[in-house]
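Raw final-v4.cif, mmCIF, C-alpha atoms and all ligand atoms:
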```
data_my_file
#
loop_
_atom_site.group_PDB
_atom_site.id
_atom_site.type_symbol
_atom_site.label_atom_id
_atom_site.label_comp_id
_atom_site.auth_asym_id
_atom_site.auth_seq_id
_atom_site.Cartn_x
_atom_site.Cartn_y
_atom_site.Cartn_z
ATOM 1 C CA MET A 1 126.119 -6.997 52.097
ATOM 2 C CA THR A 2 124.106 -10.212 52.021
ATOM 3 C CA GLU A 3 122.953 -12.391 54.913
ATOM 4 C CA THR A 4 124.525 -15.837 54.603
ATOM 5 C CA PRO A 5 122.447 -19.047 55.018
ATOM 6 C CA ASP A 6 123.962 -22.378 56.080
ATOM 7 C CA TRP A 7 125.287 -24.243 53.045
ATOM 8 C CA SER A 8 125.542 -27.934 52.283
ATOM 9 C CA PRO A 9 128.302 -29.506 50.173
ATOM 10 C CA ASP A 10 126.037 -30.470 47.282
ATOM 11 C CA TRP A 11 125.267 -28.713 44.002
ATOM 12 C CA SER A 12 124.614 -24.989 43.898
ATOM 13 C CA LEU A 13 124.152 -22.445 41.128
ATOM 14 C CA VAL A 14 124.109 -18.633 41.010
ATOM 15 C CA ILE A 15 123.429 -16.539 37.924
ATOM 16 C CA HIS A 16 123.376 -12.823 37.166
ATOM 17 C CA GLY A 17 122.004 -10.650 34.393
ATOM 18 C CA GLY A 18 123.895 -7.478 35.246
ATOM 19 C CA ALA A 19 124.043 -4.840 37.970
ATOM 20 C CA GLY A 20 123.364 -1.118 37.813
ATOM 21 C CA SER A 21 120.822 1.622 38.455
ATOM 22 C CA ILE A 22 118.062 -0.954 38.654
ATOM 23 C CA GLU A 23 115.246 0.470 40.783
ATOM 24 C CA ARG A 24 111.497 -0.190 40.769
ATOM 25 C CA HIS A 25 110.583 3.191 39.321
ATOM 26 C CA ARG A 26 113.006 2.736 36.401
ATOM 27 C CA LEU A 27 111.611 -0.585 35.131
ATOM 28 C CA THR A 28 108.268 -1.102 33.446
ATOM 29 C CA ALA A 29 106.143 -4.022 34.646
ATOM 30 C CA ALA A 30 106.987 -5.805 31.381
ATOM 31 C CA GLN A 31 110.753 -5.286 31.872
ATOM 32 C CA ASP A 32 110.510 -6.528 35.468
ATOM 33 C CA SER A 33 108.499 -9.656 34.668
ATOM 34 C CA GLY A 34 110.468 -10.362 31.466
ATOM 35 C CA ALA A 35 113.784 -10.234 33.305
ATOM 36 C CA ARG A 36 112.472 -12.446 36.121
ATOM 37 C CA ALA A 37 111.202 -15.007 33.617
ATOM 38 C CA GLY A 38 114.571 -14.998 31.814
ATOM 39 C CA LEU A 39 116.490 -15.465 35.045
ATOM 40 C CA ALA A 40 114.154 -18.283 36.144
ATOM 41 C CA HIS A 41 114.582 -20.049 32.785
ATOM 42 C CA ALA A 42 118.387 -19.846 32.990
ATOM 43 C CA LEU A 43 118.376 -20.947 36.651
ATOM 44 C CA ASP A 44 116.138 -23.934 35.949
ATOM 45 C CA THR A 45 118.201 -24.942 32.900
ATOM 46 C CA GLY A 46 121.437 -24.998 34.918
ATOM 47 C CA SER A 47 119.800 -26.556 37.983
ATOM 48 C CA ALA A 48 118.409 -29.468 35.952
ATOM 49 C CA ILE A 49 121.928 -30.332 34.768
ATOM 50 C CA LEU A 50 123.377 -30.169 38.289
ATOM 51 C CA SER A 51 120.564 -32.120 39.962
ATOM 52 C CA ASP A 52 121.003 -34.868 37.332
ATOM 53 C CA GLY A 53 124.663 -35.139 38.364
ATOM 54 C CA GLY A 54 125.993 -33.075 35.447
ATOM 55 C CA SER A 55 129.156 -30.992 35.592
ATOM 56 C CA ALA A 56 129.495 -27.412 36.781
ATOM 57 C CA VAL A 57 131.036 -26.504 33.404
ATOM 58 C CA ASP A 58 127.996 -27.833 31.523
ATOM 59 C CA ALA A 59 125.623 -26.036 33.922
ATOM 60 C CA VAL A 60 127.247 -22.601 33.684
ATOM 61 C CA GLU A 61 127.526 -22.790 29.889
ATOM 62 C CA ALA A 62 123.867 -23.824 29.556
ATOM 63 C CA ALA A 63 122.627 -21.087 31.906
ATOM 64 C CA VAL A 64 124.633 -18.395 30.110
ATOM 65 C CA ARG A 65 123.444 -19.604 26.689
ATOM 66 C CA VAL A 66 119.847 -19.056 27.837
ATOM 67 C CA LEU A 67 120.668 -15.485 28.898
ATOM 68 C CA GLU A 68 122.538 -14.821 25.628
ATOM 69 C CA GLU A 69 119.369 -15.666 23.706
ATOM 70 C CA ASP A 70 117.186 -13.395 25.875
ATOM 71 C CA PRO A 71 117.029 -9.746 24.695
ATOM 72 C CA HIS A 72 116.387 -8.497 28.241
ATOM 73 C CA PHE A 73 120.089 -8.940 28.988
ATOM 74 C CA ASN A 74 123.263 -7.364 27.625
ATOM 75 C CA ALA A 75 124.850 -10.449 26.046
ATOM 76 C CA GLY A 76 124.260 -12.144 22.705
ATOM 77 C CA ARG A 77 120.862 -10.928 21.454
ATOM 78 C CA GLY A 78 120.204 -7.614 23.218
ATOM 79 C CA ALA A 79 123.887 -6.664 23.562
ATOM 80 C CA ALA A 80 124.987 -3.055 24.003
ATOM 81 C CA PHE A 81 126.107 -1.014 20.981
ATOM 82 C CA ALA A 82 129.597 0.447 20.713
ATOM 83 C CA ARG A 83 129.945 4.151 19.874
ATOM 84 C CA ASP A 84 130.239 3.437 16.123
ATOM 85 C CA GLY A 85 127.007 1.383 16.091
ATOM 86 C CA SER A 86 128.761 -1.992 16.007
ATOM 87 C CA ILE A 87 128.207 -4.815 18.496
ATOM 88 C CA GLU A 88 131.296 -6.609 19.817
ATOM 89 C CA LEU A 89 130.831 -9.451 22.294
ATOM 90 C CA ASP A 90 133.150 -10.897 24.940
ATOM 91 C CA ALA A 91 132.793 -14.163 26.886
ATOM 92 C CA ALA A 92 134.749 -16.598 29.054
ATOM 93 C CA ILE A 93 134.441 -19.930 30.819
ATOM 94 C CA MET A 94 136.699 -21.572 33.417
ATOM 95 C CA ASP A 95 136.765 -25.077 34.912
ATOM 96 C CA GLY A 96 137.822 -24.926 38.570
ATOM 97 C CA HIS A 97 138.824 -28.615 38.629
ATOM 98 C CA THR A 98 141.528 -28.365 35.951
ATOM 99 C CA ARG A 99 141.822 -24.566 35.876
ATOM 100 C CA ALA A 100 141.434 -24.812 32.113
ATOM 101 C CA ALA A 101 139.947 -21.649 30.652
ATOM 102 C CA GLY A 102 138.758 -20.270 27.331
ATOM 103 C CA SER A 103 137.646 -16.815 26.322
ATOM 104 C CA VAL A 104 136.814 -14.681 23.298
ATOM 105 C CA ALA A 105 136.751 -10.938 22.661
ATOM 106 C CA GLY A 106 135.380 -8.723 19.913
ATOM 107 C CA ILE A 107 132.965 -11.354 18.553
ATOM 108 C CA THR A 108 130.563 -10.069 15.885
ATOM 109 C CA ALA A 109 129.149 -13.117 14.113
ATOM 110 C CA THR A 110 129.027 -16.180 16.389
ATOM 111 C CA ARG A 111 125.622 -16.753 17.958
ATOM 112 C CA SER A 112 126.865 -18.067 21.313
ATOM 113 C CA PRO A 113 130.059 -16.366 22.493
ATOM 114 C CA VAL A 114 130.143 -18.543 25.625
ATOM 115 C CA GLY A 115 129.850 -21.662 23.445
ATOM 116 C CA LEU A 116 132.840 -20.406 21.455
ATOM 117 C CA ALA A 117 134.786 -19.708 24.665
ATOM 118 C CA ARG A 118 134.206 -23.304 25.663
ATOM 119 C CA ARG A 119 135.563 -24.530 22.307
ATOM 120 C CA VAL A 120 138.665 -22.350 22.853
ATOM 121 C CA MET A 121 139.099 -24.041 26.246
ATOM 122 C CA GLU A 122 138.599 -27.583 24.992
ATOM 123 C CA ALA A 123 139.697 -27.610 21.338
ATOM 124 C CA SER A 124 142.594 -25.139 21.163
ATOM 125 C CA PRO A 125 145.899 -24.731 22.994
ATOM 126 C CA HIS A 126 145.000 -21.094 23.718
ATOM 127 C CA VAL A 127 143.040 -19.241 26.383
ATOM 128 C CA LEU A 128 141.914 -16.032 24.626
ATOM 129 C CA LEU A 129 141.046 -15.557 20.953
ATOM 130 C CA SER A 130 139.812 -12.266 19.514
ATOM 131 C CA GLY A 131 138.126 -10.781 16.461
ATOM 132 C CA ALA A 132 138.462 -12.333 12.999
ATOM 133 C CA GLY A 133 140.666 -15.189 14.204
ATOM 134 C CA ALA A 134 138.079 -16.209 16.779
ATOM 135 C CA GLU A 135 135.326 -16.171 14.132
ATOM 136 C CA ILE A 136 137.396 -18.390 11.797
ATOM 137 C CA PHE A 137 137.952 -20.807 14.684
ATOM 138 C CA ALA A 138 134.191 -20.802 15.391
ATOM 139 C CA ARG A 139 133.386 -21.801 11.800
ATOM 140 C CA GLU A 140 136.120 -24.486 11.875
ATOM 141 C CA GLN A 141 134.483 -25.856 15.023
ATOM 142 C CA GLY A 142 131.087 -25.908 13.325
ATOM 143 C CA LEU A 143 129.522 -23.360 15.679
ATOM 144 C CA ALA A 144 126.428 -21.535 14.490
ATOM 145 C CA ALA A 145 126.876 -18.072 12.993
ATOM 146 C CA ALA A 146 124.356 -15.401 13.993
ATOM 147 C CA GLU A 147 121.951 -14.128 11.339
ATOM 148 C CA PRO A 148 122.854 -10.561 10.282
ATOM 149 C CA GLY A 149 121.282 -8.169 12.812
ATOM 150 C CA TRP A 150 120.536 -10.978 15.293
ATOM 151 C CA PHE A 151 122.247 -9.237 18.245
ATOM 152 C CA ALA A 152 120.668 -5.791 17.670
ATOM 153 C CA THR A 153 117.517 -4.630 19.455
ATOM 154 C CA ASP A 154 115.619 -1.324 19.300
ATOM 155 C CA GLU A 155 116.022 -0.756 23.055
ATOM 156 C CA ARG A 156 119.818 -0.957 22.901
ATOM 157 C CA ARG A 157 119.873 1.312 19.835
ATOM 158 C CA ARG A 158 117.758 3.819 21.789
ATOM 159 C CA GLN A 159 120.223 3.675 24.696
ATOM 160 C CA LEU A 160 123.142 4.424 22.364
ATOM 161 C CA ASP A 161 121.247 7.282 20.676
ATOM 162 C CA GLU A 162 120.437 8.754 24.110
ATOM 163 C CA LEU A 163 124.077 8.565 25.162
ATOM 164 C CA LEU A 164 125.338 10.139 21.930
ATOM 165 C CA ALA A 165 122.718 12.920 22.196
ATOM 166 C CA ARG A 166 124.081 13.757 25.646
ATOM 167 C CA ASN A 167 127.614 13.530 24.281
ATOM 168 C CA ALA A 168 128.359 11.380 27.332
ATOM 169 C CA ASP A 169 131.058 8.769 27.668
ATOM 170 C CA ALA A 170 130.438 5.101 28.360
ATOM 171 C CA PHE A 171 130.698 5.467 32.140
ATOM 172 C CA ASP A 172 128.487 8.548 32.319
ATOM 173 C CA VAL A 173 125.512 6.471 31.242
ATOM 174 C CA ASP A 174 122.721 5.478 33.624
ATOM 175 C CA MET A 175 123.573 1.813 33.323
ATOM 176 C CA LYS A 176 120.573 -0.459 33.846
ATOM 177 C CA TYR A 177 121.916 -3.553 32.201
ATOM 178 C CA GLY A 178 125.216 -5.359 32.214
ATOM 179 C CA THR A 179 126.847 -8.606 31.637
ATOM 180 C CA VAL A 180 125.404 -12.080 32.262
ATOM 181 C CA GLY A 181 127.110 -14.878 34.147
ATOM 182 C CA ALA A 182 126.804 -18.136 36.049
ATOM 183 C CA VAL A 183 128.831 -19.923 38.721
ATOM 184 C CA ALA A 184 128.255 -23.446 39.989
ATOM 185 C CA ARG A 185 129.403 -26.216 42.275
ATOM 186 C CA ASP A 186 128.528 -29.707 41.053
ATOM 187 C CA ARG A 187 127.873 -32.894 43.034
ATOM 188 C CA ALA A 188 131.496 -33.979 42.541
ATOM 189 C CA GLY A 189 132.628 -30.790 44.283
ATOM 190 C CA HIS A 190 133.958 -29.060 41.162
ATOM 191 C CA LEU A 191 133.433 -25.347 40.521
ATOM 192 C CA ALA A 192 133.011 -23.445 37.242
ATOM 193 C CA ALA A 193 132.306 -19.905 36.087
ATOM 194 C CA ALA A 194 131.096 -18.398 32.811
ATOM 195 C CA THR A 195 130.444 -14.800 31.717
ATOM 196 C CA SER A 196 129.162 -13.199 28.505
ATOM 197 C CA THR A 197 128.626 -9.542 27.582
ATOM 198 C CA GLY A 198 128.198 -6.838 24.994
ATOM 199 C CA GLY A 199 130.311 -4.591 27.224
ATOM 200 C CA VAL A 200 129.149 -1.051 27.954
ATOM 201 C CA THR A 201 126.982 1.139 25.713
ATOM 202 C CA GLY A 202 129.027 3.693 23.773
ATOM 203 C CA LYS A 203 132.358 1.946 24.320
ATOM 204 C CA ARG A 204 135.125 2.575 21.814
ATOM 205 C CA TRP A 205 135.185 -0.182 19.197
ATOM 206 C CA GLY A 206 137.990 -2.559 20.082
ATOM 207 C CA ARG A 207 137.506 -1.992 23.808
ATOM 208 C CA ILE A 208 137.697 -5.226 25.822
ATOM 209 C CA GLY A 209 136.206 -5.398 29.317
ATOM 210 C CA ASP A 210 136.804 -7.633 32.313
ATOM 211 C CA SER A 211 134.476 -10.488 31.292
ATOM 212 C CA PRO A 212 136.878 -12.413 28.993
ATOM 213 C CA LEU A 213 139.920 -11.738 31.196
ATOM 214 C CA ILE A 214 140.550 -14.781 33.368
ATOM 215 C CA GLY A 215 141.172 -13.657 36.947
ATOM 216 C CA ALA A 216 139.311 -10.371 36.420
ATOM 217 C CA GLY A 217 135.675 -10.872 35.323
ATOM 218 C CA THR A 218 135.727 -14.681 35.300
ATOM 219 C CA HIS A 219 137.607 -17.113 37.521
ATOM 220 C CA ALA A 220 137.209 -20.625 38.973
ATOM 221 C CA ASP A 221 139.426 -22.708 41.232
ATOM 222 C CA ASP A 222 138.111 -25.711 43.191
ATOM 223 C CA ARG A 223 140.291 -24.689 46.153
ATOM 224 C CA SER A 224 138.458 -21.411 46.704
ATOM 225 C CA SER A 225 135.687 -20.067 44.483
ATOM 226 C CA ALA A 226 134.001 -19.595 41.142
ATOM 227 C CA VAL A 227 133.355 -15.928 40.356
ATOM 228 C CA SER A 228 131.555 -14.038 37.581
ATOM 229 C CA CYS A 229 131.500 -10.228 37.602
ATOM 230 C CA THR A 230 129.314 -7.470 36.217
ATOM 231 C CA GLY A 231 129.866 -3.738 36.237
ATOM 232 C CA SER A 232 132.356 -1.113 35.087
ATOM 233 C CA GLY A 233 134.899 -3.551 33.729
ATOM 234 C CA GLU A 234 137.982 -1.337 33.776
ATOM 235 C CA PHE A 235 137.885 -1.262 37.594
ATOM 236 C CA PHE A 236 137.389 -5.025 37.810
ATOM 237 C CA ILE A 237 140.434 -5.493 35.552
ATOM 238 C CA ARG A 238 142.600 -3.190 37.682
ATOM 239 C CA ILE A 239 141.756 -5.134 40.839
ATOM 240 C CA GLY A 240 141.694 -8.605 39.285
ATOM 241 C CA VAL A 241 138.424 -9.205 41.097
ATOM 242 C CA GLY A 242 137.910 -12.911 40.356
ATOM 243 C CA HIS A 243 141.407 -13.904 41.404
ATOM 244 C CA GLU A 244 141.465 -11.478 44.334
ATOM 245 C CA ILE A 245 138.338 -13.092 45.812
ATOM 246 C CA ALA A 246 139.919 -16.543 45.332
ATOM 247 C CA ALA A 247 143.173 -15.417 46.948
ATOM 248 C CA ARG A 248 141.408 -13.933 49.969
ATOM 249 C CA ILE A 249 139.562 -17.232 50.535
ATOM 250 C CA ARG A 250 142.556 -19.501 49.934
ATOM 251 C CA LEU A 251 145.369 -17.478 51.490
ATOM 252 C CA ALA A 252 143.723 -15.142 53.998
ATOM 253 C CA GLY A 253 141.007 -17.517 55.232
ATOM 254 C CA ASP A 254 138.069 -15.250 54.382
ATOM 255 C CA THR A 255 134.658 -16.815 53.947
ATOM 256 C CA PRO A 256 133.415 -16.407 50.351
ATOM 257 C CA GLN A 257 130.893 -13.766 51.472
ATOM 258 C CA VAL A 258 133.521 -11.726 53.335
ATOM 259 C CA ALA A 259 135.913 -12.011 50.386
ATOM 260 C CA ALA A 260 133.230 -10.901 47.909
ATOM 261 C CA ASP A 261 132.097 -7.960 50.071
ATOM 262 C CA THR A 262 135.700 -6.866 50.755
ATOM 263 C CA VAL A 263 136.736 -6.914 47.108
ATOM 264 C CA MET A 264 133.551 -5.135 45.987
ATOM 265 C CA ALA A 265 134.326 -2.429 48.567
ATOM 266 C CA GLU A 266 137.739 -2.044 46.883
ATOM 267 C CA VAL A 267 136.053 -1.677 43.476
ATOM 268 C CA GLN A 268 133.828 1.021 44.943
ATOM 269 C CA ALA A 269 136.769 2.793 46.589
ATOM 270 C CA LEU A 270 138.466 3.120 43.177
ATOM 271 C CA GLY A 271 135.274 4.586 41.673
ATOM 272 C CA GLY A 272 133.830 1.454 40.054
ATOM 273 C CA THR A 273 130.367 -0.052 40.445
ATOM 274 C CA GLY A 274 128.889 -3.486 39.911
ATOM 275 C CA GLY A 275 128.582 -6.888 41.483
ATOM 276 C CA VAL A 276 129.836 -10.452 41.705
ATOM 277 C CA ILE A 277 128.313 -13.894 42.076
ATOM 278 C CA VAL A 278 130.285 -16.583 43.879
ATOM 279 C CA THR A 279 130.077 -20.305 44.602
ATOM 280 C CA GLY A 280 132.431 -21.954 47.074
ATOM 281 C CA PRO A 281 133.722 -25.449 47.882
ATOM 282 C CA ALA A 282 131.214 -25.940 50.719
ATOM 283 C CA GLY A 283 128.272 -25.159 48.441
ATOM 284 C CA GLU A 284 128.140 -21.446 49.210
ATOM 285 C CA ALA A 285 125.997 -19.583 46.657
ATOM 286 C CA LEU A 286 126.088 -15.824 47.087
ATOM 287 C CA TRP A 287 126.408 -12.367 45.621
ATOM 288 C CA SER A 288 127.686 -8.939 46.547
ATOM 289 C CA PHE A 289 126.947 -5.671 44.712
ATOM 290 C CA THR A 290 127.443 -1.952 45.169
ATOM 291 C CA THR A 291 124.589 -0.845 42.895
ATOM 292 C CA PRO A 292 120.879 -0.265 43.669
ATOM 293 C CA GLY A 293 120.022 -3.559 42.003
ATOM 294 C CA MET A 294 121.367 -6.632 40.294
ATOM 295 C CA TYR A 295 119.508 -9.184 38.177
ATOM 296 C CA ARG A 296 120.300 -12.376 40.057
ATOM 297 C CA ALA A 297 119.084 -15.841 40.998
ATOM 298 C CA ARG A 298 120.337 -18.845 42.896
ATOM 299 C CA ALA A 299 119.383 -22.438 43.607
ATOM 300 C CA THR A 300 120.812 -25.269 45.680
ATOM 301 C CA ALA A 301 120.264 -29.001 46.134
ATOM 302 C CA ALA A 302 118.818 -28.194 49.566
ATOM 303 C CA GLY A 303 115.840 -26.458 47.927
ATOM 304 C CA LEU A 304 116.834 -22.794 48.020
ATOM 305 C CA ARG A 305 115.421 -21.069 44.899
ATOM 306 C CA GLU A 306 115.507 -17.305 44.657
ATOM 307 C CA VAL A 307 115.064 -14.809 41.797
ATOM 308 C CA ALA A 308 115.637 -11.130 42.612
ATOM 309 C CA ILE A 309 116.282 -7.765 40.989
ATOM 310 C CA TYR A 310 116.267 -4.908 43.497
ATOM 311 C CA GLY A 311 118.673 -4.353 46.368
ATOM 312 C CA ASP A 312 115.959 -4.660 49.024
ATOM 313 C CA GLU A 313 114.786 -8.133 47.916
HETATM 314 N N1 LIG B 1 131.640 -5.852 32.960
HETATM 315 C C1 LIG B 1 131.467 -5.870 31.571
HETATM 316 C C2 LIG B 1 132.302 -4.931 30.856
HETATM 317 O O1 LIG B 1 132.775 -3.935 31.428
HETATM 318 O O2 LIG B 1 132.517 -5.133 29.695
#
```

Encoding of this model in structure tokens:
Amino acid sequence: MTETPDWSPDWSLVIHGGAGSIERHRLTAAQDSGARAGLAHALDTGSAILSDGGSAVDAVEAAVRVLEEDPHFNAGRGAAFARDGSIELDAAIMDGHTRAAGSVAGITATRSPVGLARRVMEASPHVLLSGAGAEIFAREQGLAAAEPGWFATDERRRQLDELLARNADAFDVDMKYGTVGAVARDRAGHLAAATSTGGVTGKRWGRIGDSPLIGAGTHADDRSSAVSCTGSGEFFIRIGVGHEIAARIRLAGDTPQVAADTVMAEVQALGGTGGVIVTGPAGEALWSFTTPGMYRARATAAGLREVAIYGDE
């Protein structure tokens, strides 16, 4: 549970780089400082857009693109390996003003999955494209393909090898890294959310998590909230976390923090773990997580700027 500051109805931005067993003794100094630098870069990139009067959609896409390029995080370069050694990426983006949404699943060759999700939202009549069809659409849209091997890193390969050596399943792994995401409120009062992920290490190929499912891992509605999730996606899908938080705010009158904490308690009660970031119509910028840590950062027009990893920060 997080203490809630007073908010002002101006721009605000929250980002995450995943939740899990993230404790001081588990991270090297280089991992700690590298992750903080990556979060700060993404936060500053999105904040610059919002403080210049840019849109929430532009800010969340830009922040997530930075995290996709950073191998510290499980999205784009540095994504988790599936059990067969492949890398399949999922991403989504939603505009809370129009409730337009775009998402992609099972991406293997497009450098920015969140950039492709945005093209699905804006240049196709569809919401979710997957696999080969999504890649063809990406090339038609002129989006950059990834160099062969671009997404793979030695650290993620080591994590898969460790899991296979233990003959463990994807949810038996000591998950340190997850999805990345961003949520924002812009100066015009519009909300947006974006999420991008490699999923969970050792997943079955073809498995799709919560991130690209609108209403589960990603959701935005100007009337209530913008939400991006990280964690054991199957549980977030079963609860419909993004939409459930929105519904609690809009229909039950919860504050965004109460809604986020209540829905994360439901995830935990079913056996899931993870976290959410949320922005609200009044400029709220908050998170809630059930894990020892969550890579996270937030900034507001009022001067709040925070980068944190561990639960006690
Ligand atoms: N939350 C990311 C996933 O389960 O794929």

Starting from the displayed file, determine the output of the PyMOL selection byres (((chain A and resi 205) around 7) and not hetatm) and express the residue list as a PyMOL selection string.
chain A and resi 82-84+203-204+206-207

Export of prior selection with C-alpha atoms as a PDB file, in the frame of the given file:
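New file part_5.pdb:
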```pdb
ATOM      1  CA  ALA A  82     129.597   0.447  20.713  1.00  0.00           C
ATOM      2  CA  ARG A  83     129.945   4.151  19.874  1.00  0.00           C
ATOM      3  CA  ASP A  84     130.239   3.437  16.123  1.00  0.00           C
ATOM      4  CA  LYS A 203     132.358   1.946  24.320  1.00  0.00           C
ATOM      5  CA  ARG A 204     135.125   2.575  21.814  1.00  0.00           C
ATOM      6  CA  GLY A 206     137.990  -2.559  20.082  1.00  0.00           C
ATOM      7  CA  ARG A 207     137.506  -1.992  23.808  1.00  0.00           C
TER       8      ARG A 207
END
```

Considering only C-alpha atoms, return as JSON, numbers by chain whatever protein or nucleic-acid residues lie within 9 Å of Ile277 (chain A), sequence-local ones (same chain, fewer than 5 positions apart) excluded.
{"A": [14, 15, 16, 181, 182, 183, 226, 227, 228, 229, 230, 260, 285, 286, 287, 288, 289, 296]}

Which residues are near ligand LIG 1 (chain B) in this structure, taking near to mean any atom at most 8 Å from a ligand atom and counting all atoms listed in the file? Format them as a VMD selection string.
chain A and resid 90 178 to 179 197 to 200 208 to 211 217 229 to 234 236 274

Of the residues A:Asp186, A:Asp161, A:Asp6, A:Ile22, which is the one nearest to Gly53 (chain A), using only C-alpha atoms?
A:Asp186

Kindly give the distance, in Å, that separates CA of Gly46 (chain A) and CA of Pro125 (chain A), rounded to a single decimal.
27.2 Å

Please, what distance in Å, to one decimal, runs between CA of Thr262 (chain A) and CA of Glu284 (chain A)?
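Atom-to-atom, CA of Thr262 (chain A) to CA of Glu284 (chain A), that is 16.5 Å.
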
For Ala92 (chain A), the nearest of the candidates A:Ala138, A:Val241, A:Ala259, A:Val180, counting all atoms listed in the file:
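Selected residue with least distance to Ala92 (chain A): A:Val180.
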
For Gly215 (chain A), work out the shell of residues within 6 Å, counting only C-alpha atoms and skipping chain neighbours fewer than 4 positions away, then give it as JSON, numbers by chain.
{"A": [219, 240, 242, 243]}

Check the smallest atom-to-atom distance from each of A:His25, A:Arg238, A:Gly202, A:Thr255 to Trp7 (chain A) using all atoms listed in the file, then report the winner.
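Using all atoms listed in the file, Trp7 (chain A) sits closest to A:Thr255.
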
Would you mind listing what lies within 8 Å of region 99-115 of chain A as a PDB file with C-alpha atoms, in the frame of the given file, with all atoms listed in the file counted and same-chain residues fewer than 3 positions away left out?
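Contents of the output file around12.pdb:
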```
ATOM      1  CA  GLU A  61     127.526 -22.790  29.889  1.00  0.00           C
ATOM      2  CA  VAL A  64     124.633 -18.395  30.110  1.00  0.00           C
ATOM      3  CA  ARG A  65     123.444 -19.604  26.689  1.00  0.00           C
ATOM      4  CA  GLU A  68     122.538 -14.821  25.628  1.00  0.00           C
ATOM      5  CA  GLY A  76     124.260 -12.144  22.705  1.00  0.00           C
ATOM      6  CA  ILE A  87     128.207  -4.815  18.496  1.00  0.00           C
ATOM      7  CA  GLU A  88     131.296  -6.609  19.817  1.00  0.00           C
ATOM      8  CA  LEU A  89     130.831  -9.451  22.294  1.00  0.00           C
ATOM      9  CA  ASP A  90     133.150 -10.897  24.940  1.00  0.00           C
ATOM     10  CA  ALA A  91     132.793 -14.163  26.886  1.00  0.00           C
ATOM     11  CA  ALA A  92     134.749 -16.598  29.054  1.00  0.00           C
ATOM     12  CA  ILE A  93     134.441 -19.930  30.819  1.00  0.00           C
ATOM     13  CA  MET A  94     136.699 -21.572  33.417  1.00  0.00           C
ATOM     14  CA  ASP A  95     136.765 -25.077  34.912  1.00  0.00           C
ATOM     15  CA  GLY A  96     137.822 -24.926  38.570  1.00  0.00           C
ATOM     16  CA  ARG A 118     134.206 -23.304  25.663  1.00  0.00           C
ATOM     17  CA  ARG A 119     135.563 -24.530  22.307  1.00  0.00           C
ATOM     18  CA  VAL A 120     138.665 -22.350  22.853  1.00  0.00           C
ATOM     19  CA  MET A 121     139.099 -24.041  26.246  1.00  0.00           C
ATOM     20  CA  GLU A 122     138.599 -27.583  24.992  1.00  0.00           C
ATOM     21  CA  HIS A 126     145.000 -21.094  23.718  1.00  0.00           C
ATOM     22  CA  VAL A 127     143.040 -19.241  26.383  1.00  0.00           C
ATOM     23  CA  LEU A 128     141.914 -16.032  24.626  1.00  0.00           C
ATOM     24  CA  LEU A 129     141.046 -15.557  20.953  1.00  0.00           C
ATOM     25  CA  SER A 130     139.812 -12.266  19.514  1.00  0.00           C
ATOM     26  CA  GLY A 131     138.126 -10.781  16.461  1.00  0.00           C
ATOM     27  CA  ALA A 132     138.462 -12.333  12.999  1.00  0.00           C
ATOM     28  CA  ALA A 134     138.079 -16.209  16.779  1.00  0.00           C
ATOM     29  CA  GLU A 135     135.326 -16.171  14.132  1.00  0.00           C
ATOM     30  CA  ALA A 138     134.191 -20.802  15.391  1.00  0.00           C
ATOM     31  CA  LEU A 143     129.522 -23.360  15.679  1.00  0.00           C
ATOM     32  CA  ALA A 144     126.428 -21.535  14.490  1.00  0.00           C
ATOM     33  CA  ALA A 145     126.876 -18.072  12.993  1.00  0.00           C
ATOM     34  CA  ALA A 146     124.356 -15.401  13.993  1.00  0.00           C
ATOM     35  CA  GLU A 147     121.951 -14.128  11.339  1.00  0.00           C
ATOM     36  CA  PRO A 148     122.854 -10.561  10.282  1.00  0.00           C
ATOM     37  CA  ALA A 194     131.096 -18.398  32.811  1.00  0.00           C
ATOM     38  CA  THR A 195     130.444 -14.800  31.717  1.00  0.00           C
ATOM     39  CA  SER A 196     129.162 -13.199  28.505  1.00  0.00           C
ATOM     40  CA  GLY A 206     137.990  -2.559  20.082  1.00  0.00           C
ATOM     41  CA  ILE A 208     137.697  -5.226  25.822  1.00  0.00           C
ATOM     42  CA  PRO A 212     136.878 -12.413  28.993  1.00  0.00           C
ATOM     43  CA  LEU A 213     139.920 -11.738  31.196  1.00  0.00           C
ATOM     44  CA  ILE A 214     140.550 -14.781  33.368  1.00  0.00           C
ATOM     45  CA  ALA A 220     137.209 -20.625  38.973  1.00  0.00           C
ATOM     46  CA  ASP A 221     139.426 -22.708  41.232  1.00  0.00           C
TER      47      ASP A 221
END
```

Counting all atoms listed in the file, the residue of A:Gly38, A:Gly17, A:Gly149, A:Gly133 that sits nearest Phe81 (chain A)
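For Phe81 (chain A), the nearest of the given residues is A:Gly149.
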
Convert the output of the PyMOL selection byres (((chain A and resi 54) around 12) and not hetatm) on the shown file into explicit residues, formatted as a VMD selection string.
chain A and resid 11 to 12 45 to 53 55 to 62 184 to 191

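Comparing the minimum interatomic distances between Ala247 (chain A) and each of A:Ser225, A:Gly293, A:Glu266, A:Gly280, counting only C-alpha atoms, we find that A:Ser225 sits nearest.
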
To verify the selection step, state as a ChimeraX atom specification which residues the PyMOL selection byres (((chain A and resi 23) around 9) and not hetatm) yields on this input.
/A:20-22,24-27,176,292-293,309-311

Please produce a file of the residues just selected, as a CSV table (one decimal), in the frame of the given file, where the atoms kept are C-alpha atoms.
```csv
chain,number,residue,atom,x,y,z
A,20,GLY,CA,123.4,-1.1,37.8
A,21,SER,CA,120.8,1.6,38.5
A,22,ILE,CA,118.1,-1.0,38.7
A,24,ARG,CA,111.5,-0.2,40.8
A,25,HIS,CA,110.6,3.2,39.3
A,26,ARG,CA,113.0,2.7,36.4
A,27,LEU,CA,111.6,-0.6,35.1
A,176,LYS,CA,120.6,-0.5,33.8
A,292,PRO,CA,120.9,-0.3,43.7
A,293,GLY,CA,120.0,-3.6,42.0
A,309,ILE,CA,116.3,-7.8,41.0
A,310,TYR,CA,116.3,-4.9,43.5
A,311,GLY,CA,118.7,-4.4,46.4
```
